[in-house]
Each structure stands twice: as structure tokens, then as C-alpha cells.
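I have placed the structure first, in the form of C-alpha cells, so that the comments after it can refer back to it.
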Amino acid sequence: MLENQIYEQLSNLKSKTPLVEAITNYVTINDCANILLSIGASPAMCESADEAYDFTKLANAVYLNIGTLTKEQELAMLQAVKAADELNIPVILDPVGCAAIPRRIGFIDKLRSFGKVDIIKGNLGEIKSLAGVETKVRGVDSLDKGEDGVEVCQQLAKDWKCIVAASGKIDIITDGEITALVHNGDDMLTKVTGSGCMLGALTAGFCGANTDNLLASCIASFLSMGIAGEHAAQHNRGCYPGSFRVFLIDEIYKLTDTILRDKSKIEFV
Amino acid sequence: MLENQIYEQLSNLKSKTPLVEAITNYVTINDCANILLSIGASPAMCESADEAYDFTKLANAVYLNIGTLTKEQELAMLQAVKAADELNIPVILDPVGCAAIPRRIGFIDKLRSFGKVDIIKGNLGEIKSLAGVETKVRGVDSLDKGEDGVEVCQQLAKDWKCIVAASGKIDIITDGEITALVHNGDDMLTKVTGSGCMLGALTAGFCGANTDNLLASCIASFLSMGIAGEHAAQHNRGCYPGSFRVFLIDEIYKLTDTILRDKSKIEFV
Amino acid sequence: MLENQIYEQLSNLKSKTPLVEAITNYVTINDCANILLSIGASPAMCESADEAYDFTKLANAVYLNIGTLTKEQELAMLQAVKAADELNIPVILDPVGCAAIPRRIGFIDKLRSFGKVDIIKGNLGEIKSLAGVETKVRGVDSLDKGEDGVEVCQQLAKDWKCIVAASGKIDIITDGEITALVHNGDDMLTKVTGSGCMLGALTAGFCGANTDNLLASCIASFLSMGIAGEHAAQHNRGCYPGSFRVFLIDEIYKLTDTILRDKSKIEFV
């Protein structure tokens, strides 16, 4: 049932062209915009503290990524979360670097006091640090082996009453009750910056097109990234990061419901 | 006469290497720099509020794009417009998102009170909202069908005493008296972020090399983007957005006066 | 002896995955992250004024680039330099635009009063302006012919007690005593934005992996960029800037100690 819903998400997204308001780091802001266009969504990066509140009310989903957290972005994110809460617009939060920069955990707490966060999408190091569990990171990268990943994600999902999605060799997506493991992906995704950010942006795209089943939307976004990554790596020059990155956007553009269904390696645990 | 001038703009630009001061959104700031280098101009993105006034005086043209309008960018843009006004340096304004974010219309008014704006380049939704005409947008994208586009552009050009250029399936460029329609372009340009921004940056490049005939410069920039887009789409992988974007920069680099003349589909109305 | 050390830098970097804290301009921030990943380093762009001090202490090297110097970046850079000074972490400074924007020279003085700068990496126009020698620039580009380049670099290195590295047709790297000229490179590197910034980021990557011999690290980074540029230009479409830029990242990824040794054109003067 859930599985069938997952494979309808992409055509649904393409038919609706959801508007995604993204306040995101400057390293990969362009990649996030391009991948949203490629999947069929409409990106807008309105991050002025004077504009984010009003503009968010026009959006179908909000993507917040704290990778380069300037003062003005902080203010804009607080307003965006408030506006999204008022209109029940899904909010996807990417807690980049929160394991290495403890101050960001405090900011996330503040953000959650301004309004709901529907999905937390990070790497396992970030998710664990939010859950208060010890972990190992290098800067923004997780070095966590992840044996206890599923339990930690499920617990955080229950505690925060949201969906928790941890990217990694095996992705973990859970609402605390249902837990999906996505085995798709390719190691080349770790050789380019922004594959995590692009995944978070895609999640917002899917959620914006289907606010009734955020778990299915979230799983579909992880599948899309994983499968497009596999396809991009299979190209002649796909084993080199500059070329891989170009093919990744191409392959996102080519995805269909059928491709997702045929190539998916999901496991429910 | 005007038409012949149009086809001399590119070689003129390449011989002069105009310095373009661009204060532009962070989503596509890299694309704007790369396309300016590819056409033969010299980009510089000096956006500190403490520096923009002095630096603008060194530039041959100014490109202002309000896509991600931070407080500091606002201050920098006001200074840039003032400096440009003092030295009669052409200013090209890209009113990104002004149809969806009414506050930006107020900012544009303020900007115009600090100094002249020579060219307004936006999509039709943005142009119409500046003209006070009802329109339809999704975030930063225009959904306007555009039947009355020519009239609105001409009226705004007369009212604001500037050139108005609206990008779209058919581009409209007018100074209120002469109006050119450019039929070049390819739908793939809508599948990558920043094609509008890159076009605006190119316009500043052309204007910086020829401040005596901004209308010819402006038309030449639209032709360049449209024709390069057509060429990029004809590549083997040009139907996919990641690859298209790479080819677009390549094809801008390959343009010559002769190519522009041979491939142009301009109509004067 | 030094030369042999140079050719061990790359494998050393790859074995250590140094964490590079980069506070850098928004035009090429993505390129800097991607080239660091491609060479085998771990980039992190933490530029919040509230975070840069603490985060820098986790890093193996710091890259500061003042291309788009916002107020908050200024504050963050001062904190980063202070933290790096306390823990003796190498700091690489890219004085972008300081020849055209005199105010930046004042900022660099202030930066140096907060802590040591280990390497100044700029184009010759920038280096000369820091040395108080007359030069010629267009915006952020050097138009200096460079006859007296070696002497100026050596003098600045002695005066500031740091390594000075000037990129150009022939690169100059000197600690005031030993001076290396690197003849590698390709003119296509001047056709894409950010080749200078990417080079500075690479320098930080190499230095972060080998803090004991910053001169060898610095030379290795210039060799890497020059040789990767030569290889990228040799591709079928490498003579076009969009494609060249993709191949450049690919070729950085493919470099080995042996390739650097075989292709290097270093001259000690």
C-alpha cells in the first residue's frame, strides 16, 4: 500500500510543479535549484528576513539547510517556519554541520519553537547528535559506522513527532512506526559537494506535491537520488566527479515512476 | 541601420573586454560570471556596502539582480546605482520575483530614486507587475500568456524612460519607440536555473562595450542567448539539463557576428 | 630534497583527508568545495561570525578569499585567523580584488593583526598592490606583464615573513629564500571563473595535510592545478569553457604523485 504510493509520487510531482521555498547554504544553492527544476518542481530562494514570511505562504514546501548559517538566514528561517506552521506547509530541515558545531543544535531548538518541522534529513552523524547520541564526524561529513542507526532514527522520530531520514550507504527513513531502508545509491555521490543538499531539496519538492503522505514523498526522493546516482555513475565518464555531477542532473530529469519501481531496492524493517 | 549595428556588437564587446560590476543573486552568481567570461567580458561581483560605490566607478556597466535580496545587497545596490548615475555608466536591472514579492517593487522605486536605470530586463510577469498590470506567476516564473506584452513593455518604457526587455517564448525589447521581437531560443533554457540571470548579465556585458546604443546592445544580448540556447540543445545530450547547461556556455563562447546575423530571427513591430 | 618532498604531497593529502575551513566568495564557493573533494580533502564553509572561531579549531587548514567581502564574512575571517593562530593552523589568504579596491588592503592589515597568515596567494596585480608596487588591473584580473614579479614576491615574503605565491602565465612561489617558478598551466584556465579561487582552496588542502613543509605543499598545489588544466584542455571539447570546467574537476581527481612528477615544469631561481 505505502509501496504503491511511493511509485506514484514522481508523476504526481511533475503534474503539479510544486513551488519550493529554499533557504539554503551558498555552497550548493545552485545545485539545489537545478535539481528541483530537473525533477519538475519550481525552486525559489527567497531569504531576505523582510520577505521570507510572506513568500513562504505562497510555497508548497519549505527546504531549510543550515550549511552556511548567516545572521540574515537565521532570521529568514525563523519567519519561514512560522509562516509554514500557520498554513500547514511541509518543512524539511537539513541540520548540516550540527554534529561539529554545537551552536546549531540550539538554533534548531529555536526553529522548532517557531513552528513544526515535518522532516529532519541529515547524515547519520547529524541525526545522532540531534538525538544526543555519541557519534563521529569530520566537519560536515559523518564517519559513523551506523550499527544503531535505525534505533536512533526511530527514537528521534518518536520524540520529535516527525519523519527522520538519514542518508548514508544505506538510507534510513522512518516516522517512528514504519521504517524503510533504501539500498540504492553510488559511492560517486560522496565525491561531489551537495548531494546531501540536493537530496533535501528533492524531498521538499516531493512533499510539496503531496502533503498528505510525507513518508511516501520522502522515500520517493531518496529513491530518486539513489537511482539517478547509479545511472550517472554508469556513464562512460561517470567515474569522474566533474562529469558525474552533470550526468546526475541529466538522470534526475529522465526518471519516471516505472524506472523508480524497477530499480528500487527498498526494505521495510 | 539599427539592425546592422546589432551585428557589430559582439566583435565590439570582444575587442573591449568590458568590466561588469554585478550584484546578483547567490543561486546563479557563478553562472553569471562564467557566461560573461565566455562572451568576452570581465565580471566582478563587488557587493560589500562599503565598496560598491567606489568599485562601480571603475566598471563599464552594472548588472543588478534582486533574486536573493539580502540587507547588505540592498545597500550595495543603492550605492552602485548612485555611482553609475554620476558617471553615466549603464545600469541593467533584473527585477526577479517582484511579481510574487510586492516589497521588491518598493525597493525598485527606491533604487530608481538613487539614480537612473537604463534597462529593465525581466520575464513578462515581472514587467507587468512593474507596470501595474495584472499577471500570473509561480514564484519567480511567469505563467503569463502575454497577448498584451508588447503594449505593456512599450508603455513602461515610455513611463520610465528606459529600455524594457521581457524574456519569454518570444522576447520583447523596446525603448518605447522601436520594438524588436526575438524569436530565437529553445525550451531547454527553461529547464536550467539562471538562464534569465545569465541573459541579464550578458546584456550588461554588451552595454558596457557600447554605451552609445543600448538598444542595439540589448537586442544583441537576447540574440546571443537565444542562438546559443538553440545550438546547445542540438548537441547529442543537449536535451538533458545538466549537459545542456555545459553546452550553453560552450556555445556562447563560439558565437561570432556572422553567426548572430545568420541565425537571428528578429522582427521589428 | 624539496623537489622530492613536492611529489609526495598528493598521496599524503589523500591519505589524510584534511578538513579545510573555507570562508570564500559566493561566486566560486561551489567550485572550491568540489575541487577540494576531487583532490581528496574535506571542505567546510562555516562563515557565521558566531561559529567561525570554534569551527576553525577543528580544521587542518583555513582558506580565506575576500572576493565578495560581506560584513559577516569580515567578522568571521577575523575570528578564523585568531583561532588558527592559537592552534598554529595554516592560513592561506587570497587577496582578491585588493588592487582595484584599496579598502581591502586595510582589511588585510587588520586580518594580519588578528593572527598570522602563512601563505598569500594572488595574481601578480594583487601581490604587487600588497607590496606597494604600481601595477595594472581590470577589476579582479591582473594586466601586469610581470617582469619584476620574482623580486616583488621575494620582497613581500621577507617583509611579511610568509610564503608568497603569484599565479600567472608563469607562477611564482617563494618564501623569500627559495623561489620556484611553475611553467605548467593552460590559457583555458583564464576562461572560467574561479580557477584562482580553486587553486587557493587546493593550496589549503595540501597545507592541511602537511603543516611541516608549507612551501612544498604550496608548490604541489600549483603543479596540480597547472597539470590538470593542461589535461583538461586536451579533451575533445576542452577548448570550450563550459566543458573545460567539467574536465578540470575530473583531471584533478585523476592526479597522482607520479603524474605530477612526470609532467611538472618547475624551475628554481
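Labeling convention for the C-alpha cells: chains A, B, ... as they appear, residues from 1 per chain, ligands from 1 in order of appearance.
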Inset, instruction - Starting from chain A, keep only residues with some atom at most 6 Å from an atom of chain B, counting only C-alpha atoms, and report them as a PyMOL selection string. - result: chain A and resi 29-30+34+37+46+48+246+249-250
How would the residues just chosen look if you wrote them out with C-alpha atoms as a compact mmCIF listing (two decimals), in the first residue's frame?
# COMPACT_ATOMS: atom_id res chain seq x y z
CA ILE A 29 22.35 26.68 -3.72
CA ASN A 30 22.71 26.45 -7.50
CA ASN A 34 18.88 22.89 -10.81
CA LEU A 37 13.94 22.11 -11.98
CA CYS A 46 13.79 33.94 -1.02
CA SER A 48 15.55 38.16 2.92
CA VAL A 246 26.49 16.75 -14.93
CA ILE A 249 21.16 16.21 -13.16
CA ASP A 250 20.51 14.58 -16.54
Inset, instruction - Can you list, as an MDAnalysis selection string, all residues belonging to segment 23-258 of chain B that DSSP tags as alpha helix (DSSP H)? - result: chainID B and resid 29:39 52:56 71:87 103:114 124:131 149:160 195:209 214:233 241:254 257:258
Legend entry - Spatial neighbours of Thr135 of chain A, 10 Å, only C-alpha atoms, chain gap at least 4 places, as JSON, numbers by chain: {"A": [99, 124, 125, 126, 127, 128, 129, 142, 143, 144, 145, 146]}
Selected residues written out with N, CA and C atoms, as an mmCIF file, in the first residue's frame:
data_model
loop_
_atom_site.group_PDB
_atom_site.id
_atom_site.type_symbol
_atom_site.label_atom_id
_atom_site.label_comp_id
_atom_site.auth_asym_id
_atom_site.auth_seq_id
_atom_site.Cartn_x
_atom_site.Cartn_y
_atom_site.Cartn_z
ATOM 1 N N ALA A 99 26.596 18.335 14.110
ATOM 2 C CA ALA A 99 27.402 17.461 14.963
ATOM 3 C C ALA A 99 28.745 18.109 15.296
ATOM 4 N N LEU A 124 23.995 10.446 9.197
ATOM 5 C CA LEU A 124 23.762 9.766 10.469
ATOM 6 C C LEU A 124 24.434 10.498 11.632
ATOM 7 N N GLY A 125 25.606 11.098 11.365
ATOM 8 C CA GLY A 125 26.278 11.850 12.417
ATOM 9 C C GLY A 125 25.402 12.994 12.918
ATOM 10 N N GLU A 126 24.763 13.680 11.980
ATOM 11 C CA GLU A 126 23.896 14.800 12.366
ATOM 12 C C GLU A 126 22.666 14.317 13.133
ATOM 13 N N ILE A 127 22.046 13.263 12.626
ATOM 14 C CA ILE A 127 20.846 12.724 13.295
ATOM 15 C C ILE A 127 21.191 12.282 14.724
ATOM 16 N N LYS A 128 22.314 11.591 14.860
ATOM 17 C CA LYS A 128 22.700 11.134 16.200
ATOM 18 C C LYS A 128 22.972 12.294 17.141
ATOM 19 N N SER A 129 23.604 13.330 16.626
ATOM 20 C CA SER A 129 23.907 14.448 17.520
ATOM 21 C C SER A 129 22.614 15.136 17.958
ATOM 22 N N SER A 142 29.803 12.624 7.975
ATOM 23 C CA SER A 142 29.643 11.620 9.025
ATOM 24 C C SER A 142 30.673 10.517 8.838
ATOM 25 N N LEU A 143 31.310 10.115 9.920
ATOM 26 C CA LEU A 143 32.225 8.968 9.889
ATOM 27 C C LEU A 143 31.629 7.834 10.733
ATOM 28 N N ASP A 144 30.340 7.936 10.988
ATOM 29 C CA ASP A 144 29.675 6.992 11.865
ATOM 30 C C ASP A 144 29.425 5.682 11.122
ATOM 31 N N LYS A 145 29.756 4.562 11.747
ATOM 32 C CA LYS A 145 29.533 3.246 11.113
ATOM 33 C C LYS A 145 28.045 2.895 11.089
ATOM 34 N N GLY A 146 27.305 3.360 12.089
ATOM 35 C CA GLY A 146 25.862 3.292 11.981
ATOM 36 C C GLY A 146 25.168 2.020 12.383
#
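You can rank C:His231, C:Lys254, C:Arg112, C:Lys265 by their closest distance to Trp160 of chain C using only C-alpha atoms, and at the top of that list sits C:Arg112.
Here the strand (DSSP E) residues in segment 90-138 of chain A, by DSSP on the backbone, are Val91, Ile92, Leu93, Asp94, Ile119, Ile120, Lys121, Gly122, Asn123, Val137 and Arg138 of chain A.
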Inset, instruction - Show which residues sit within 9 Å of segment 225-228 of chain B, as a VMD selection string. Count only C-alpha atoms, and ignore same-chain residues fewer than 6 positions away. - result: chain B and resid 182 to 186 189 195 198 to 199 202 247 to 255 259 to 260 263 to 264
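Comparing the minimum interatomic distances between Lys158 of chain B and each of B:Leu214, B:Ala204, B:Ala52, B:Ala131, counting only C-alpha atoms, we find that B:Ala131 sits nearest.
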Inset, instruction - Show which residues sit within 9 Å of Ile173 of chain A, as a list in words. Count only C-alpha atoms, and ignore same-chain residues fewer than 2 positions away. - result: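 The residues satisfying every condition are Lys121, Val150, Cys153, Gln154, Ile163, Val164, Ala165, Ala166, Ser167, Asp171, Asp175, Ile178, Thr179, Ala180, Leu181, Val182, Leu215, Cys218, Ile219 and Phe222 of chain A.
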